[in-house]
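Asker: See entry26.txt below, with compact mmCIF, C-alpha atoms.
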```
# COMPACT_ATOMS: atom_id res chain seq x y z
CA MET A 1 42.46 117.48 -2.57
CA THR A 2 45.33 115.68 -0.94
CA LEU A 3 48.65 117.36 -1.08
CA GLN A 4 51.84 115.67 -2.15
CA ILE A 5 54.64 115.69 0.38
CA ILE A 6 58.36 116.05 -0.25
CA ASP A 7 60.60 115.24 2.71
CA ASN A 8 64.03 116.76 3.36
CA ALA A 9 63.73 119.40 0.65
CA THR A 10 66.46 122.03 0.42
CA CYS A 11 65.79 125.73 0.94
CA THR A 12 68.10 128.07 -0.95
CA PHE A 13 66.94 131.40 0.39
CA CYS A 14 69.92 132.15 2.64
CA GLY A 15 73.40 130.71 3.13
CA CYS A 16 72.17 128.18 5.72
CA VAL A 17 70.73 126.00 2.91
CA CYS A 18 68.56 124.00 5.35
CA ASP A 19 67.95 120.53 3.94
CA ASP A 20 65.25 119.25 6.28
CA ILE A 21 62.19 121.09 4.98
CA GLN A 22 58.93 119.22 4.42
CA LEU A 23 56.98 120.64 1.47
CA HIS A 24 53.25 120.12 0.91
CA HIS A 25 52.30 120.92 -2.66
CA ASP A 26 49.58 120.35 -5.31
CA GLU A 27 51.93 120.73 -8.32
CA VAL A 28 50.91 124.37 -8.80
CA ARG A 29 51.90 125.94 -5.54
CA ILE A 30 53.50 124.95 -2.25
CA HIS A 31 50.95 125.26 0.55
CA GLU A 32 53.12 124.50 3.53
CA ALA A 33 56.84 124.42 4.26
CA LYS A 34 57.31 122.65 7.61
CA LYS A 35 60.47 123.39 9.66
CA ALA A 36 61.29 126.38 7.41
CA CYS A 37 61.88 129.79 9.04
CA VAL A 38 59.88 132.92 8.18
CA LEU A 39 62.24 133.76 5.30
CA GLY A 40 62.19 130.19 3.92
CA THR A 41 58.40 129.92 4.18
CA ALA A 42 57.98 133.14 2.21
CA TRP A 43 60.50 131.86 -0.38
CA PHE A 44 58.66 128.55 -0.90
CA LEU A 45 55.10 129.92 -0.79
CA ASN A 46 55.74 132.86 -3.13
CA HIS A 47 56.97 130.74 -6.05
CA THR A 48 54.36 128.92 -8.09
CA ALA A 49 54.29 126.84 -11.25
CA GLU A 50 51.89 129.33 -12.85
CA LYS A 51 52.95 131.25 -15.90
CA LYS A 52 52.99 134.77 -14.51
CA TYR A 53 55.55 136.36 -16.83
CA PRO A 54 56.24 136.20 -20.57
CA ASP A 55 58.80 133.58 -21.68
CA ALA A 56 61.20 136.29 -22.79
CA LEU A 57 61.40 140.02 -23.51
CA ILE A 58 63.52 141.74 -26.15
CA ASP A 59 63.57 145.55 -25.81
CA GLY A 60 60.46 145.25 -23.65
CA LYS A 61 58.48 143.26 -26.25
CA GLU A 62 57.42 139.64 -25.80
CA ALA A 63 59.53 137.11 -27.68
CA THR A 64 60.19 133.39 -27.77
CA VAL A 65 63.03 131.88 -25.75
CA GLU A 66 64.87 130.90 -28.94
CA GLU A 67 64.73 134.49 -30.30
CA ALA A 68 65.95 135.83 -26.97
CA ILE A 69 68.82 133.30 -26.89
CA GLN A 70 69.93 134.28 -30.42
CA THR A 71 69.74 138.01 -29.59
CA ALA A 72 71.65 137.48 -26.34
CA ALA A 73 74.36 135.50 -28.15
CA THR A 74 74.70 138.21 -30.81
CA LEU A 75 74.90 141.06 -28.27
CA LEU A 76 77.47 139.23 -26.15
CA HIS A 77 79.52 138.18 -29.18
CA GLU A 78 79.59 141.74 -30.58
CA ALA A 79 80.87 143.19 -27.32
CA ASP A 80 84.59 143.75 -26.74
CA MET A 81 84.40 143.41 -22.98
CA PRO A 82 81.27 141.56 -21.88
CA LEU A 83 80.57 141.00 -18.18
CA VAL A 84 79.08 137.82 -16.70
CA TYR A 85 77.76 138.64 -13.24
CA GLY A 86 75.56 137.31 -10.46
CA MET A 87 75.26 133.55 -10.07
CA SER A 88 73.91 133.70 -6.50
CA ASN A 89 70.38 132.48 -6.98
CA THR A 90 71.19 129.70 -9.38
CA THR A 91 72.50 126.14 -9.32
CA CYS A 92 76.13 125.05 -9.50
CA GLU A 93 75.41 123.43 -12.87
CA ALA A 94 74.30 126.79 -14.31
CA GLN A 95 77.29 128.51 -12.66
CA LYS A 96 79.65 126.16 -14.46
CA GLU A 97 78.01 127.08 -17.78
CA CYS A 98 78.44 130.77 -16.90
CA VAL A 99 82.20 130.25 -16.37
CA ALA A 100 82.32 128.56 -19.79
CA MET A 101 80.49 131.55 -21.28
CA ALA A 102 82.93 134.12 -19.86
CA ASP A 103 85.84 131.94 -21.01
CA GLN A 104 84.60 131.62 -24.57
CA LEU A 105 83.74 135.35 -24.76
CA GLY A 106 87.08 136.45 -23.29
CA GLY A 107 85.05 138.49 -20.84
CA LEU A 108 84.77 139.40 -17.18
CA LEU A 109 83.39 137.00 -14.59
CA ASP A 110 82.24 138.04 -11.15
CA SER A 111 79.79 137.13 -8.38
CA HIS A 112 78.01 138.82 -5.48
CA THR A 113 81.04 138.12 -3.29
CA SER A 114 82.86 141.19 -4.62
CA LEU A 115 80.04 143.62 -3.75
CA MET B 1 91.02 128.10 9.09
CA THR B 2 87.45 126.95 9.04
CA CYS B 3 85.27 123.90 9.63
CA THR B 4 81.80 122.60 8.84
CA LEU B 5 78.67 123.67 10.69
CA GLY B 6 78.41 120.05 11.85
CA GLU B 7 81.64 120.48 13.85
CA VAL B 8 80.32 123.74 15.31
CA LYS B 9 77.12 121.96 16.30
CA GLN B 10 79.03 119.11 17.96
CA ARG B 11 81.92 120.94 19.60
CA ALA B 12 81.88 124.75 19.65
CA ASP B 13 81.47 125.99 23.24
CA PHE B 14 82.36 129.60 22.42
CA ILE B 15 80.67 131.35 19.51
CA VAL B 16 81.22 134.93 18.38
CA TYR B 17 78.97 136.59 15.80
CA TRP B 18 80.73 139.69 14.45
CA GLY B 19 78.84 142.23 12.34
CA GLY B 20 75.91 139.97 11.58
CA ASN B 21 72.30 139.61 12.64
CA PRO B 22 71.51 135.89 12.44
CA ALA B 23 68.22 136.23 14.35
CA GLU B 24 66.78 138.10 11.38
CA CYS B 25 68.98 137.12 8.43
CA HIS B 26 69.73 133.43 9.14
CA PRO B 27 66.89 132.55 11.53
CA ARG B 28 67.74 128.85 11.89
CA HIS B 29 71.49 129.32 12.37
CA PHE B 30 71.12 129.39 16.19
CA THR B 31 68.76 126.47 16.50
CA LYS B 32 70.12 124.19 13.80
CA TYR B 33 73.89 124.63 14.05
CA THR B 34 75.17 126.77 16.85
CA ILE B 35 73.96 127.72 20.31
CA MET B 36 70.77 125.69 20.89
CA GLN B 37 71.92 122.21 19.87
CA LYS B 38 72.81 119.50 22.37
CA SER B 39 75.62 117.15 21.41
CA LYS B 40 77.85 114.40 22.78
CA PHE B 41 80.48 116.95 23.79
CA LEU B 42 78.05 119.64 24.92
CA PRO B 43 75.20 117.63 26.49
CA ARG B 44 73.52 120.61 28.13
CA GLY B 45 73.21 122.50 24.85
CA ARG B 46 72.74 126.24 25.37
CA LYS B 47 74.05 126.05 28.96
CA ASP B 48 77.37 124.62 27.75
CA ARG B 49 77.90 127.33 25.17
CA THR B 50 78.78 131.01 25.37
CA MET B 51 77.66 133.39 22.67
CA VAL B 52 79.13 136.83 22.06
CA LEU B 53 77.69 139.36 19.65
CA VAL B 54 79.83 142.22 18.33
CA ASP B 55 77.90 144.82 16.37
CA ILE B 56 77.42 148.55 16.05
CA ARG B 57 73.82 148.42 17.29
CA GLU B 58 71.70 146.21 19.53
CA THR B 59 69.87 144.02 17.02
CA LYS B 60 67.41 141.21 17.77
CA SER B 61 70.36 138.81 17.90
CA ALA B 62 71.60 140.60 21.05
CA LYS B 63 68.75 138.99 23.04
CA ALA B 64 70.20 135.56 22.31
CA ALA B 65 73.74 136.58 23.27
CA ASP B 66 75.41 136.14 26.67
CA ILE B 67 77.67 139.11 25.99
CA PHE B 68 76.90 142.00 23.66
CA MET B 69 79.79 144.27 22.68
CA GLN B 70 78.78 147.49 20.98
CA VAL B 71 81.65 148.65 18.80
CA LYS B 72 81.74 152.15 17.33
CA PRO B 73 80.95 152.14 13.59
CA GLY B 74 84.07 151.65 11.48
CA LYS B 75 86.21 150.60 14.47
CA ASP B 76 86.08 146.82 13.91
CA PHE B 77 89.64 146.63 12.60
CA GLU B 78 90.93 148.54 15.63
CA LEU B 79 89.03 146.27 18.02
CA ILE B 80 90.35 143.10 16.35
CA THR B 81 93.90 144.48 16.40
CA ILE B 82 93.56 145.30 20.12
CA LEU B 83 92.35 141.74 20.79
CA ARG B 84 95.33 140.37 18.86
CA ALA B 85 97.64 142.42 21.11
CA LEU B 86 95.84 141.51 24.34
CA ILE B 87 95.97 137.75 23.79
CA LYS B 88 99.77 138.12 23.61
CA HIS B 89 99.89 140.35 26.75
CA GLN B 90 101.09 143.34 24.77
CA HIS B 91 100.47 146.84 26.10
CA VAL B 92 97.36 148.63 24.79
CA GLY B 93 96.72 152.25 25.79
CA ASP B 94 93.44 153.38 27.38
CA ASP B 95 92.83 155.93 24.63
CA GLN B 96 93.15 153.19 21.99
CA ILE B 97 90.54 151.08 23.76
CA ALA B 98 88.25 154.08 24.32
CA GLU B 99 88.30 154.72 20.56
CA THR B 100 86.47 151.43 19.91
CA GLY B 101 83.62 152.12 22.33
CA VAL B 102 84.38 149.02 24.46
CA THR B 103 85.77 148.99 28.03
CA ARG B 104 89.04 147.31 29.11
CA GLU B 105 87.12 145.11 31.57
CA MET B 106 84.96 143.73 28.76
CA LEU B 107 88.02 143.05 26.60
CA ASP B 108 89.95 141.34 29.43
CA ASP B 109 86.90 139.18 30.15
CA LEU B 110 86.53 138.33 26.45
CA VAL B 111 90.21 137.40 26.08
CA GLN B 112 90.02 135.19 29.20
CA ARG B 113 86.91 133.44 27.84
CA MET B 114 88.43 133.01 24.38
CA LYS B 115 91.55 131.40 25.82
CA SER B 116 89.70 129.10 28.23
CA CYS B 117 87.18 127.68 25.73
CA LYS B 118 87.68 124.28 24.10
CA PHE B 119 86.48 125.16 20.59
CA GLY B 120 85.86 128.74 19.54
CA CYS B 121 84.25 129.97 16.35
CA PHE B 122 83.95 133.42 14.78
CA PHE B 123 81.04 133.96 12.39
CA PHE B 124 81.51 137.23 10.55
CA GLY B 125 78.87 139.01 8.51
CA MET B 126 78.57 141.91 6.13
CA GLY B 127 78.77 144.36 9.06
CA LEU B 128 82.46 143.44 9.21
CA SER B 129 83.35 142.62 5.62
CA MET B 130 81.41 145.38 3.85
CA THR B 131 82.13 148.39 6.08
CA ARG B 132 85.21 150.62 6.37
CA GLY B 133 88.28 148.42 5.96
CA LYS B 134 86.36 145.77 3.99
CA HIS B 135 88.53 142.73 3.27
CA MET B 136 91.23 144.01 5.66
CA ASN B 137 88.68 143.52 8.49
CA SER B 138 88.01 139.93 7.41
CA ALA B 139 91.75 139.31 7.07
CA ALA B 140 92.36 140.69 10.59
CA LEU B 141 89.66 138.45 12.09
CA LEU B 142 91.03 135.39 10.26
CA THR B 143 94.49 136.24 11.62
CA LEU B 144 93.06 136.56 15.14
CA ALA B 145 91.41 133.12 14.75
CA ALA B 146 94.71 131.66 13.50
CA GLU B 147 96.66 133.22 16.40
CA MET B 148 94.12 131.94 18.93
CA ASN B 149 95.20 128.43 17.94
CA ALA B 150 98.33 128.99 20.05
CA PHE B 151 95.98 128.66 23.07
CA THR B 152 92.98 126.59 21.95
CA LYS B 153 91.09 125.42 18.87
CA PHE B 154 89.62 128.40 17.03
CA VAL B 155 88.03 128.75 13.60
CA ALA B 156 86.33 131.49 11.57
CA MET B 157 83.53 131.28 9.02
CA PRO B 158 81.79 133.94 6.94
CA MET B 159 78.00 134.22 7.21
CA ARG B 160 76.96 134.01 3.57
CA GLY B 161 73.65 135.35 2.38
CA HIS B 162 71.90 134.73 -0.94
CA GLY B 163 71.37 131.01 -1.38
CA ASN B 164 74.13 129.64 -3.52
CA VAL B 165 76.67 132.49 -3.45
CA THR B 166 79.10 130.05 -1.80
CA GLY B 167 78.60 127.73 -4.78
CA ALA B 168 79.62 130.54 -7.16
CA ASP B 169 82.91 130.90 -5.26
CA VAL B 170 83.51 127.17 -5.27
CA ILE B 171 82.67 126.72 -8.96
CA MET B 172 84.87 129.66 -10.04
CA ARG B 173 87.74 128.39 -7.89
CA TRP B 174 87.38 124.94 -9.43
CA GLN B 175 87.14 126.17 -13.00
CA THR B 176 89.52 129.14 -13.03
CA GLY B 177 91.57 128.99 -9.82
CA TYR B 178 90.11 132.26 -8.51
CA PRO B 179 86.91 132.90 -6.52
CA PHE B 180 85.61 136.17 -8.10
CA GLY B 181 86.78 139.31 -9.93
CA ILE B 182 88.14 137.41 -12.94
CA THR B 183 88.87 138.38 -16.54
CA PHE B 184 89.52 136.11 -19.51
CA ASN B 185 90.53 138.94 -21.85
CA ARG B 186 94.02 137.49 -22.42
CA GLY B 187 92.59 134.04 -23.06
CA TYR B 188 93.46 132.77 -19.58
CA PRO B 189 91.95 133.73 -16.20
CA ARG B 190 93.44 136.65 -14.26
CA TYR B 191 92.25 137.82 -10.85
CA ASN B 192 92.22 141.38 -9.53
CA PRO B 193 89.38 142.61 -7.30
CA GLY B 194 89.03 146.36 -7.65
CA GLU B 195 89.95 146.15 -11.32
CA PHE B 196 87.71 143.27 -12.46
CA SER B 197 85.03 143.38 -9.73
CA THR B 198 81.61 144.32 -11.06
CA VAL B 199 80.85 147.52 -9.15
CA ASP B 200 84.20 149.03 -10.16
CA VAL B 201 83.88 147.86 -13.78
CA LEU B 202 80.38 149.34 -14.08
CA VAL B 203 81.13 152.61 -12.28
CA ARG B 204 84.16 153.19 -14.53
CA GLY B 205 82.07 152.13 -17.56
CA ASP B 206 84.60 149.52 -18.69
CA CYS B 207 82.33 146.77 -20.01
CA ASP B 208 80.21 147.07 -23.16
CA ALA B 209 77.70 144.29 -22.50
CA ALA B 210 76.45 142.53 -19.37
CA PHE B 211 74.97 139.10 -18.74
CA ILE B 212 73.19 139.01 -15.36
CA ILE B 213 71.99 135.73 -13.87
CA GLY B 214 70.48 135.08 -10.44
CA ALA B 215 71.08 138.63 -9.25
CA ASP B 216 69.38 142.01 -9.31
CA PRO B 217 72.06 144.70 -9.58
CA GLY B 218 69.35 147.11 -10.77
CA ALA B 219 68.07 147.10 -7.17
CA THR B 220 71.27 146.73 -5.17
CA MET B 221 74.13 148.54 -6.92
CA PRO B 222 75.11 152.22 -6.67
CA GLN B 223 73.39 154.55 -9.13
CA PRO B 224 76.39 155.14 -11.47
CA ALA B 225 76.65 151.35 -11.95
CA ILE B 226 72.92 151.09 -12.76
CA ASP B 227 73.25 153.99 -15.20
CA HIS B 228 75.99 152.10 -17.05
CA LEU B 229 73.85 148.94 -17.20
CA LYS B 230 71.17 151.07 -18.89
CA ARG B 231 73.67 152.38 -21.46
CA ILE B 232 75.01 148.98 -22.55
CA PRO B 233 73.11 145.92 -23.82
CA THR B 234 72.17 143.97 -20.69
CA ILE B 235 70.85 140.42 -20.71
CA CYS B 236 69.01 139.19 -17.65
CA LEU B 237 67.95 135.69 -16.57
CA ASP B 238 65.56 135.58 -13.62
CA PRO B 239 62.41 133.77 -12.43
CA HIS B 240 60.75 137.20 -12.00
CA ILE B 241 60.68 140.52 -13.83
CA THR B 242 63.20 142.39 -11.69
CA HIS B 243 64.57 145.94 -11.68
CA THR B 244 67.40 144.63 -13.84
CA SER B 245 64.95 143.04 -16.33
CA LYS B 246 63.31 146.43 -16.77
CA LEU B 247 66.54 148.10 -17.86
CA ALA B 248 67.77 145.08 -19.85
CA ARG B 249 67.65 144.64 -23.64
CA VAL B 250 66.88 140.93 -23.22
CA HIS B 251 65.10 139.19 -20.35
CA ILE B 252 64.53 135.43 -20.22
CA THR B 253 62.28 133.97 -17.52
CA THR B 254 63.75 130.83 -15.96
CA ALA B 255 62.69 128.28 -13.36
CA ALA B 256 63.50 129.09 -9.71
CA GLN B 257 66.30 126.99 -8.23
CA GLY B 258 65.18 124.54 -5.58
CA ILE B 259 61.47 125.25 -6.27
CA SER B 260 61.17 124.07 -9.86
CA ALA B 261 64.78 123.63 -11.05
CA PRO B 262 66.97 120.74 -9.88
CA GLY B 263 70.70 120.97 -9.21
CA THR B 264 73.21 121.50 -6.42
CA ALA B 265 73.64 124.34 -3.93
CA TYR B 266 76.47 124.98 -1.46
CA ARG B 267 75.86 125.73 2.19
CA MET B 268 77.92 128.55 3.78
CA ASP B 269 80.47 125.99 5.10
CA GLU B 270 81.07 124.79 1.51
CA LEU B 271 79.04 121.62 1.85
CA PRO B 272 77.22 120.77 -1.41
CA LEU B 273 73.56 119.78 -1.06
CA PRO B 274 71.20 118.41 -3.72
CA LEU B 275 68.03 120.39 -4.45
CA LYS B 276 64.63 118.72 -4.41
CA PRO B 277 62.31 120.73 -6.65
CA ALA B 278 58.62 120.34 -5.76
CA LEU B 279 57.01 121.98 -8.78
CA LYS B 280 57.31 121.72 -12.56
CA SER B 281 57.98 125.09 -14.11
CA PRO B 282 56.63 126.24 -17.49
CA TYR B 283 60.02 127.96 -17.94
CA PRO B 284 63.40 126.43 -18.85
CA THR B 285 66.14 126.16 -16.22
CA ASP B 286 69.08 128.59 -16.01
CA GLU B 287 71.45 125.76 -16.91
CA ASP B 288 69.51 124.96 -20.09
CA VAL B 289 69.30 128.60 -21.24
CA VAL B 290 72.97 129.38 -20.58
CA ARG B 291 74.03 126.20 -22.36
CA ARG B 292 71.93 127.19 -25.41
CA ILE B 293 73.39 130.72 -25.43
CA ASN B 294 76.89 129.21 -25.21
CA LYS B 295 76.12 126.97 -28.18
CA ALA B 296 74.83 129.95 -30.20
CA ILE B 297 78.02 131.91 -29.36
CA SER B 298 80.26 128.97 -30.28
CA GLU B 299 78.73 128.93 -33.78
CA LYS B 300 80.02 132.48 -34.34
CA PRO B 301 83.70 133.25 -35.16
CA PHE B 302 86.06 133.21 -32.14
CA TRP B 303 86.80 136.68 -30.70
CA LEU B 304 90.49 136.71 -31.66
CA PRO B 305 91.33 138.55 -34.94
CA GLU B 306 89.98 136.70 -38.00
CA GLY B 307 88.32 134.25 -35.63
CA SER B 308 91.60 132.42 -35.03
CA GLN B 309 91.73 130.03 -32.10
CA PRO B 310 94.17 130.44 -29.18
CA GLN B 311 97.39 128.50 -29.77
CA MET B 312 98.64 126.00 -27.22
CA ILE B 313 102.25 126.63 -26.26
CA THR B 314 103.99 123.27 -26.56
CA ALA B 315 106.84 122.54 -24.18
CA GLN B 316 110.26 122.92 -25.77
CA VAL B 317 112.93 120.79 -24.25
```
Give the structure from the file, written as structure tokens.
Answerer:
Amino acid sequence: MTLQIIDNATCTFCGCVCDDIQLHHDEVRIHEAKKACVLGTAWFLNHTAEKKYPDALIDGKEATVEEAIQTAATLLHEADMPLVYGMSNTTCEAQKECVAMADQLGGLLDSHTSL
Amino acid sequence: MTCTLGEVKQRADFIVYWGGNPAECHPRHFTKYTIMQKSKFLPRGRKDRTMVLVDIRETKSAKAADIFMQVKPGKDFELITILRALIKHQHVGDDQIAETGVTREMLDDLVQRMKSCKFGCFFFGMGLSMTRGKHMNSAALLTLAAEMNAFTKFVAMPMRGHGNVTGADVIMRWQTGYPFGITFNRGYPRYNPGEFSTVDVLVRGDCDAAFIIGADPGATMPQPAIDHLKRIPTICLDPHITHTSKLARVHITTAAQGISAPGTAYRMDELPLPLKPALKSPYPTDEDVVRRINKAISEKPFWLPEGSQPQMITAQV
């Protein structure tokens, strides 16, 4: 089977964010990441499009995404001082939504930088 | 005082890595941006550049360095302060130098090289910013870089880990005016690291719910902080089942950024780059899930008493 090639892909493993990676993939997994370093290669090759984990878990039990979203919203809304934390391994678009979440909850907002 | 990695690649003939191990943590930093590249201004590449490594132990990066300075653990601030004095020809006692574990000859040589270079750059890692002295160490190094500009061009740049952590800083600065350690509990953003930074909040047990995205504090934070995350309702978004997912009340699996989720990520020099996802994930993206949670929250009463909305203060003339 011939592999599809993506040129100049961006690696987000470390802060270098190399944007010259050539990815060879078959839509399920990435078989080769040319120009990537050892860390980047491991990052690209270890993520697949397979469904390895349940969509969502509530108290350790499998649930749908919609149920999990409603539960999350209720828990966060009930809290007096909720904390929104992390935002390292995610996109800027999701980070902006996280800021909006902390704003609307009147909560705390923090990233890895403060560690 | 900083610059892009492109400028470093083109112009920097003197590069100092302080408290970082790029050979193992940022493997392509040397080859792609700093010491190995040839450029119009540095046509001989590695031969035109000098690299100094300052660290508490001889890591793999020391092999790539022209000069390796082994500083005693926790003495970075002292060493930077001594350098700040030496560049201005101020007197520094032998016992003060001995305390840092470096010799006067090495320091005199370093100062001479720093002053005679055309474009110098400090890259500082967690070995400087996360050890004794913390942000005071970073501040001292930034001051040294600023003061070096009396003699030649000098810049400083932090070595950021973790993919898009730079993006988080940039987005929070854009949206709130502050880079991290923020609270909205008065309805407007306030900034105070130490009071509103996560480790402190969790260790003191201040917060009563936590929303964790793109991070695994369950694996990286001190035990009292993890214990508090177990006590309160924690919500976790991650492409994998992590340590945090296991202690969380709610876990939602999301697509991995750059692999199967599109978007933007910031490089460590604050240059935004588009992501090119190769795969299609069976899971929703972080952006989609957070937006849906936000919508669900907005349908509930606002958190002020009786669900009243914050009032805009109109200007009175």
Asker: Taking all atoms listed in the file into account, what are the residues of chain A at most 6 Å from chain B, put as number ranges by chain?
Answerer: A: 9-10, 12-17, 27, 49, 55-59, 69, 73, 79, 81-92, 94, 101, 103, 106-111, 114
Asker: Can I get the selected residues back with C-alpha atoms, as a CSV table (one decimal), in the frame of the given file?
Answerer:
```
chain,number,residue,atom,x,y,z
A,9,ALA,CA,63.7,119.4,0.6
A,10,THR,CA,66.5,122.0,0.4
A,12,THR,CA,68.1,128.1,-1.0
A,13,PHE,CA,66.9,131.4,0.4
A,14,CYS,CA,69.9,132.2,2.6
A,15,GLY,CA,73.4,130.7,3.1
A,16,CYS,CA,72.2,128.2,5.7
A,17,VAL,CA,70.7,126.0,2.9
A,27,GLU,CA,51.9,120.7,-8.3
A,49,ALA,CA,54.3,126.8,-11.2
A,55,ASP,CA,58.8,133.6,-21.7
A,56,ALA,CA,61.2,136.3,-22.8
A,57,LEU,CA,61.4,140.0,-23.5
A,58,ILE,CA,63.5,141.7,-26.2
A,59,ASP,CA,63.6,145.6,-25.8
A,69,ILE,CA,68.8,133.3,-26.9
A,73,ALA,CA,74.4,135.5,-28.2
A,79,ALA,CA,80.9,143.2,-27.3
A,81,MET,CA,84.4,143.4,-23.0
A,82,PRO,CA,81.3,141.6,-21.9
A,83,LEU,CA,80.6,141.0,-18.2
A,84,VAL,CA,79.1,137.8,-16.7
A,85,TYR,CA,77.8,138.6,-13.2
A,86,GLY,CA,75.6,137.3,-10.5
A,87,MET,CA,75.3,133.6,-10.1
A,88,SER,CA,73.9,133.7,-6.5
A,89,ASN,CA,70.4,132.5,-7.0
A,90,THR,CA,71.2,129.7,-9.4
A,91,THR,CA,72.5,126.1,-9.3
A,92,CYS,CA,76.1,125.0,-9.5
A,94,ALA,CA,74.3,126.8,-14.3
A,101,MET,CA,80.5,131.6,-21.3
A,103,ASP,CA,85.8,131.9,-21.0
A,106,GLY,CA,87.1,136.4,-23.3
A,107,GLY,CA,85.0,138.5,-20.8
A,108,LEU,CA,84.8,139.4,-17.2
A,109,LEU,CA,83.4,137.0,-14.6
A,110,ASP,CA,82.2,138.0,-11.2
A,111,SER,CA,79.8,137.1,-8.4
A,114,SER,CA,82.9,141.2,-4.6
```
Asker: For CA of Ala85 (chain B) and CA of Ala65 (chain B), quote the distance in Å rounded to one decimal.
Answerer: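 It comes out at 24.7 Å.
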Asker: Any idea what's packed within 12 Å of Asp94 (chain B), counting all atoms listed in the file, ignoring anything in its chain fewer than 3 positions away? Could you give it as a VMD selection string?
Answerer: chain B and resid 82 91 97 to 105 107
Asker: Record the distance separating CA of Ala23 (chain B) and CA of Ile21 (chain A), expressed in Å with one decimal.
Answerer: 18.8 Å
Asker: What's the 7 Å shell around Gln22 (chain A), counting only C-alpha atoms, without same-chain residues fewer than 6 positions away, as a list in words?
Answerer: Ile5, Ile6, Asp7, Asn8, Ala9, Ala33, Lys34 and Lys35 of chain A
Asker: Quick one, how far is CA of Asp48 (chain B) from CA of Asp13 (chain B)?
Answerer: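 Pair CA of Asp48 (chain B) / CA of Asp13 (chain B) returns 6.2 Å.
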